[in-house]
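**Q** Supplied in structure tokens, the structure appears directly below.
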Amino acid sequence: MSFDGEIKENCAFHIHNESTEKCAECKLAICDLDQDYNMKQERICPICANRYNAKKTLRLFNYGLYAIIIVASVVLLALRFPISYLFIPLLLLMVAPYVFRPYLLKLYFKGLEPQQVVIPLLKYFEISGNPQYYSLFLKNVRDIPEEELTKHKEIIMKHTIPAIAFNFSKLDDKWENELSEVLRIDKNEFRKDLTTKYRKILIQTAVHGSQPNISKFMFFVAEETKDDDFLKEYIQEICSDEIAKLSDKELNTIYKDLLEELYLFEEQFYEICDRLNLSKEKEKIQNLVKRFVPPPVPKNQIEALLPPEQLEQKRQMEEKQIDMIEEEEVQIEEVPFEEEKEE
Ligand SMILES: [Zn+2]
Ligand SMILES: [Zn+2]
């Protein structure tokens, strides 16, 4: 998900530099200060470069681990320990990855300052929804020296908001306290910022870059700040002509997630419309919900195991095949006419 236009793309690692390229592997924005290359001689970001090196270390570590386990097993057997003692080296095999993981993560961020890894971590969290990235983000923000944080706070906030909005359902109840604590801002000030400074970015993101459960976050923000106008603007943006005039197919492709939100939180949207006297908007939302084509329903047990996108692809393929068969039939019928013409 990119926010071109909303956030001017600066380098994710050198926050105040404008980016000149995107990492060939993870697509993070990088600048001229980042001069790492992969095997194909494409430019990559420092984290991806570190990951390459870490892979080599990991391989060595694995070989070392196997060697230790084999030697330990041989020694135990040679010393005539009962065979059940072999669980000791096996236990080592199971525990080692957990012990090694924090060290591996350290390798990924080697040579980078805390302020250089916060935006990449937020982006990884935004895309993957993996809470591990979020806790690492919090830890690193905490480690940024006061003076540096003041300089970078604005940009960090701008990236934090979409990341949080997209993954609101994955955060625990303490998220607001934690975030305002690490960013060293007052919780009320933070809430106020959401509906003032970041109002536009939030509404635009929630409508044009919608993701599952984002409306929950929008309802939450409006409720906490007692800002009905915020909800009104959100709903009006959903009802804009730009969206309504799209064809059914475009609507269900570009605004698939938005439609799904409207469908899932239908009652809540109508309640809000009733409460705020938005009767026209209510009608428009009803119309959008009607135009929503829900994801395909599995026809058998094998299909039930497929992820929704794959199932959708399968349906499209099936449709295409039907089209092709029909086209072939048409062609067969047309051939004699063409021959006649040529003669
Ligand atoms: Zn990268
Ligand atoms: Zn850079």
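Note on naming: chains are A, B, ... as they come in the structure tokens, residues start from 1 per chain, ligands start from 1 in the order shown.
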Which residues are near ligand 1 - at most 9 Å, using only C-alpha atoms and all ligand atoms? Format: as a count of residues only.

**A** 18

**Q** Write out, as CSV, each residue of chain A that has an atom at most 8 Å from ligand 2, together with the closest pair of atoms and their distance in Å to one decimal, counting only C-alpha atoms and all ligand atoms, rows going by chain and rising number.

**A**
residue,atom,partner,partner_atom_place_in_ligand_line,distance
A:Cys11,CA,ligand 2,1 (Zn),4.8
A:Ala12,CA,ligand 2,1 (Zn),6.5
A:Phe13,CA,ligand 2,1 (Zn),4.8
A:His14,CA,ligand 2,1 (Zn),4.3
A:Ile15,CA,ligand 2,1 (Zn),7.3
A:Asn17,CA,ligand 2,1 (Zn),6.5
A:Ser19,CA,ligand 2,1 (Zn),6.8
A:Ala29,CA,ligand 2,1 (Zn),7.7
A:Ile30,CA,ligand 2,1 (Zn),4.6
A:Cys31,CA,ligand 2,1 (Zn),3.9
A:Asp32,CA,ligand 2,1 (Zn),6.2
A:Leu33,CA,ligand 2,1 (Zn),5.0
A:Asp34,CA,ligand 2,1 (Zn),5.1

**Q** Suppose we keep N, CA and C atoms; can you now write the selection as an mmCIF file, in the first residue's frame?

**A**
data_model
loop_
_atom_site.group_PDB
_atom_site.id
_atom_site.type_symbol
_atom_site.label_atom_id
_atom_site.label_comp_id
_atom_site.auth_asym_id
_atom_site.auth_seq_id
_atom_site.Cartn_x
_atom_site.Cartn_y
_atom_site.Cartn_z
ATOM 1 N N CYS A 11 13.072 8.758 2.161
ATOM 2 C CA CYS A 11 13.790 7.509 2.419
ATOM 3 C C CYS A 11 13.342 6.953 3.766
ATOM 4 N N ALA A 12 13.074 5.655 3.811
ATOM 5 C CA ALA A 12 12.616 5.042 5.055
ATOM 6 C C ALA A 12 13.730 5.000 6.099
ATOM 7 N N PHE A 13 14.976 5.073 5.634
ATOM 8 C CA PHE A 13 16.111 4.927 6.547
ATOM 9 C C PHE A 13 16.729 6.264 6.922
ATOM 10 N N HIS A 14 16.661 7.221 5.991
ATOM 11 C CA HIS A 14 17.159 8.568 6.263
ATOM 12 C C HIS A 14 15.971 9.485 6.100
ATOM 13 N N ILE A 15 15.223 9.599 7.184
ATOM 14 C CA ILE A 15 13.876 10.148 7.143
ATOM 15 C C ILE A 15 13.788 11.509 6.448
ATOM 16 N N ASN A 17 15.717 12.628 3.978
ATOM 17 C CA ASN A 17 16.157 12.634 2.577
ATOM 18 C C ASN A 17 15.020 12.205 1.663
ATOM 19 N N SER A 19 13.530 10.131 -1.325
ATOM 20 C CA SER A 19 13.968 8.833 -1.843
ATOM 21 C C SER A 19 14.239 8.935 -3.342
ATOM 22 N N ALA A 29 11.250 2.669 0.400
ATOM 23 C CA ALA A 29 11.892 3.785 -0.295
ATOM 24 C C ALA A 29 13.319 3.962 0.227
ATOM 25 N N ILE A 30 14.275 4.106 -0.701
ATOM 26 C CA ILE A 30 15.674 4.312 -0.302
ATOM 27 C C ILE A 30 16.248 5.533 -1.018
ATOM 28 N N CYS A 31 17.350 6.071 -0.474
ATOM 29 C CA CYS A 31 17.950 7.268 -1.072
ATOM 30 C C CYS A 31 19.377 6.961 -1.542
ATOM 31 N N ASP A 32 20.064 7.997 -2.017
ATOM 32 C CA ASP A 32 21.412 7.791 -2.564
ATOM 33 C C ASP A 32 22.434 7.344 -1.519
ATOM 34 N N LEU A 33 22.109 7.533 -0.247
ATOM 35 C CA LEU A 33 23.040 7.085 0.798
ATOM 36 C C LEU A 33 23.022 5.556 0.930
ATOM 37 N N ASP A 34 21.989 4.922 0.400
ATOM 38 C CA ASP A 34 21.879 3.466 0.539
ATOM 39 C C ASP A 34 22.423 2.802 -0.721
#

**Q** With only C-alpha atoms as the counted atoms, please give the residues lying no more than 10 Å from A:Thr205, apart from itself and same-chain residues fewer than 3 positions off, as a JSON list (two decimals) with N, CA and C atoms, in the first residue's frame.

**A**
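Written file, out.json:
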[["chain", "number", "residue", "atom", "x", "y", "z"],
["A", 1, "MET", "N", 0.85, -1.20, 0.00],
["A", 1, "MET", "CA", 0.00, 0.00, 0.00],
["A", 1, "MET", "C", 0.88, 1.23, 0.00],
["A", 3, "PHE", "N", 1.27, 5.54, -0.19],
["A", 3, "PHE", "CA", 0.51, 6.73, 0.14],
["A", 3, "PHE", "C", 0.99, 7.91, -0.66],
["A", 6, "GLU", "N", -0.25, 11.53, -0.46],
["A", 6, "GLU", "CA", -0.59, 11.85, 0.92],
["A", 6, "GLU", "C", 0.69, 12.09, 1.71],
["A", 161, "ILE", "N", 0.08, 6.36, 11.85],
["A", 161, "ILE", "CA", -1.38, 6.38, 11.81],
["A", 161, "ILE", "C", -1.98, 5.37, 10.83],
["A", 162, "PRO", "N", -1.54, 5.35, 9.56],
["A", 162, "PRO", "CA", -2.12, 4.29, 8.71],
["A", 162, "PRO", "C", -1.79, 2.89, 9.19],
["A", 165, "ALA", "N", -4.18, 2.21, 11.95],
["A", 165, "ALA", "CA", -5.56, 2.14, 11.48],
["A", 165, "ALA", "C", -5.83, 0.82, 10.76],
["A", 166, "PHE", "N", -4.85, 0.36, 9.96],
["A", 166, "PHE", "CA", -5.02, -0.88, 9.21],
["A", 166, "PHE", "C", -5.02, -2.10, 10.12],
["A", 199, "ARG", "N", -6.53, 14.28, 10.11],
["A", 199, "ARG", "CA", -7.92, 14.05, 9.72],
["A", 199, "ARG", "C", -8.02, 13.61, 8.26],
["A", 200, "LYS", "N", -7.41, 14.40, 7.39],
["A", 200, "LYS", "CA", -7.55, 14.15, 5.96],
["A", 200, "LYS", "C", -6.92, 12.79, 5.59],
["A", 201, "ILE", "N", -5.72, 12.58, 6.10],
["A", 201, "ILE", "CA", -4.99, 11.35, 5.77],
["A", 201, "ILE", "C", -5.78, 10.13, 6.23],
["A", 202, "LEU", "N", -6.41, 10.25, 7.40],
["A", 202, "LEU", "CA", -7.18, 9.12, 7.94],
["A", 202, "LEU", "C", -8.40, 8.83, 7.07],
["A", 208, "HIS", "N", -10.08, 5.29, 0.39],
["A", 208, "HIS", "CA", -9.43, 4.93, -0.88],
["A", 208, "HIS", "C", -8.34, 3.87, -0.72],
["A", 209, "GLY", "N", -7.96, 3.59, 0.50],
["A", 209, "GLY", "CA", -6.98, 2.53, 0.72],
["A", 209, "GLY", "C", -7.49, 1.59, 1.80],
["A", 210, "SER", "N", -8.78, 1.37, 1.78],
["A", 210, "SER", "CA", -9.44, 0.62, 2.86],
["A", 210, "SER", "C", -8.83, -0.77, 3.08],
["A", 211, "GLN", "N", -8.89, -1.21, 4.30],
["A", 211, "GLN", "CA", -8.43, -2.56, 4.66],
["A", 211, "GLN", "C", -9.40, -3.09, 5.71],
["A", 214, "ILE", "N", -11.00, -1.34, 9.16],
["A", 214, "ILE", "CA", -10.58, 0.05, 9.34],
["A", 214, "ILE", "C", -11.75, 0.91, 9.83]]

**Q** Which of stretch 44-167 of chain A counts as alpha helix (DSSP H) under DSSP, as a count of residues only please?

**A** 104

**Q** Near stretch 229-241 of chain A, within 9 Å and counting only C-alpha atoms, which residues show up once chain neighbours fewer than 3 positions away are dropped, as a list in words?

**A** Thr195, Arg199, Leu202, Ile203, Gln204, Ala206, Val207, His208, Met218, Phe219, Val221, Ala222, Lys226, Ala244, Lys245, Leu246, Leu258, Phe269, Ile272, Cys273, Leu276, Leu278, Glu281, Lys282, Lys284, Ile285 and Leu288 of chain A

**Q** Could you tell me how far atom CA of A:Leu179 lies from atom CA of A:Leu112, in Å and to one decimal?

**A** 21.9 Å

**Q** For atom CA of A:Ser73 and atom CA of A:Ala54, determine how far apart the two atoms are, in Å to one decimal place.

**A**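 A separation of 28.2 Å between them.
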
**Q** Could you state the separation of atom CA of A:Ile185 and atom CA of A:Pro212 in Å, given to one decimal place?

**A**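 Interatomic distance here is 28.1 Å.
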
**Q** Tell me, as a PyMOL selection string, which residues lie within 6 Å of stretch 138-151 of chain A, counting only C-alpha atoms; anything in the same chain fewer than 6 positions away does not count.

**A** chain A and resi 114-115+182

**Q** Counting only C-alpha atoms, which of A:Glu318, A:Ile127, A:Ile156, A:Asn53 gets nearest to A:Lys110?

**A**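 Under the stated criterion, the closest residue is A:Asn53.
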
**Q** Using only C-alpha atoms, pick whichever of A:Lys280, A:Glu181, A:Ala96, A:Pro102 has the shortest atom-to-atom distance to A:Gly64.

**A** A:Ala96

**Q** Which residue gives the smallest distance to A:Leu91 among A:Asp36, A:Ala72, A:Leu58, A:Glu154, with only C-alpha atoms counted?

**A**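 Closest candidate: A:Ala72.
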
**Q** Using only C-alpha atoms, which residue out of A:Gln301, A:Asn10, A:Gln35, A:Thr20 lies closest to A:His152?

**A**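 Checking each candidate against A:His152, we get A:Asn10 as the closest.
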
**Q** A:Lys174, A:Arg101, A:Arg59, A:Arg191: which is nearest A:Glu224, counting only C-alpha atoms?

**A** A:Arg191
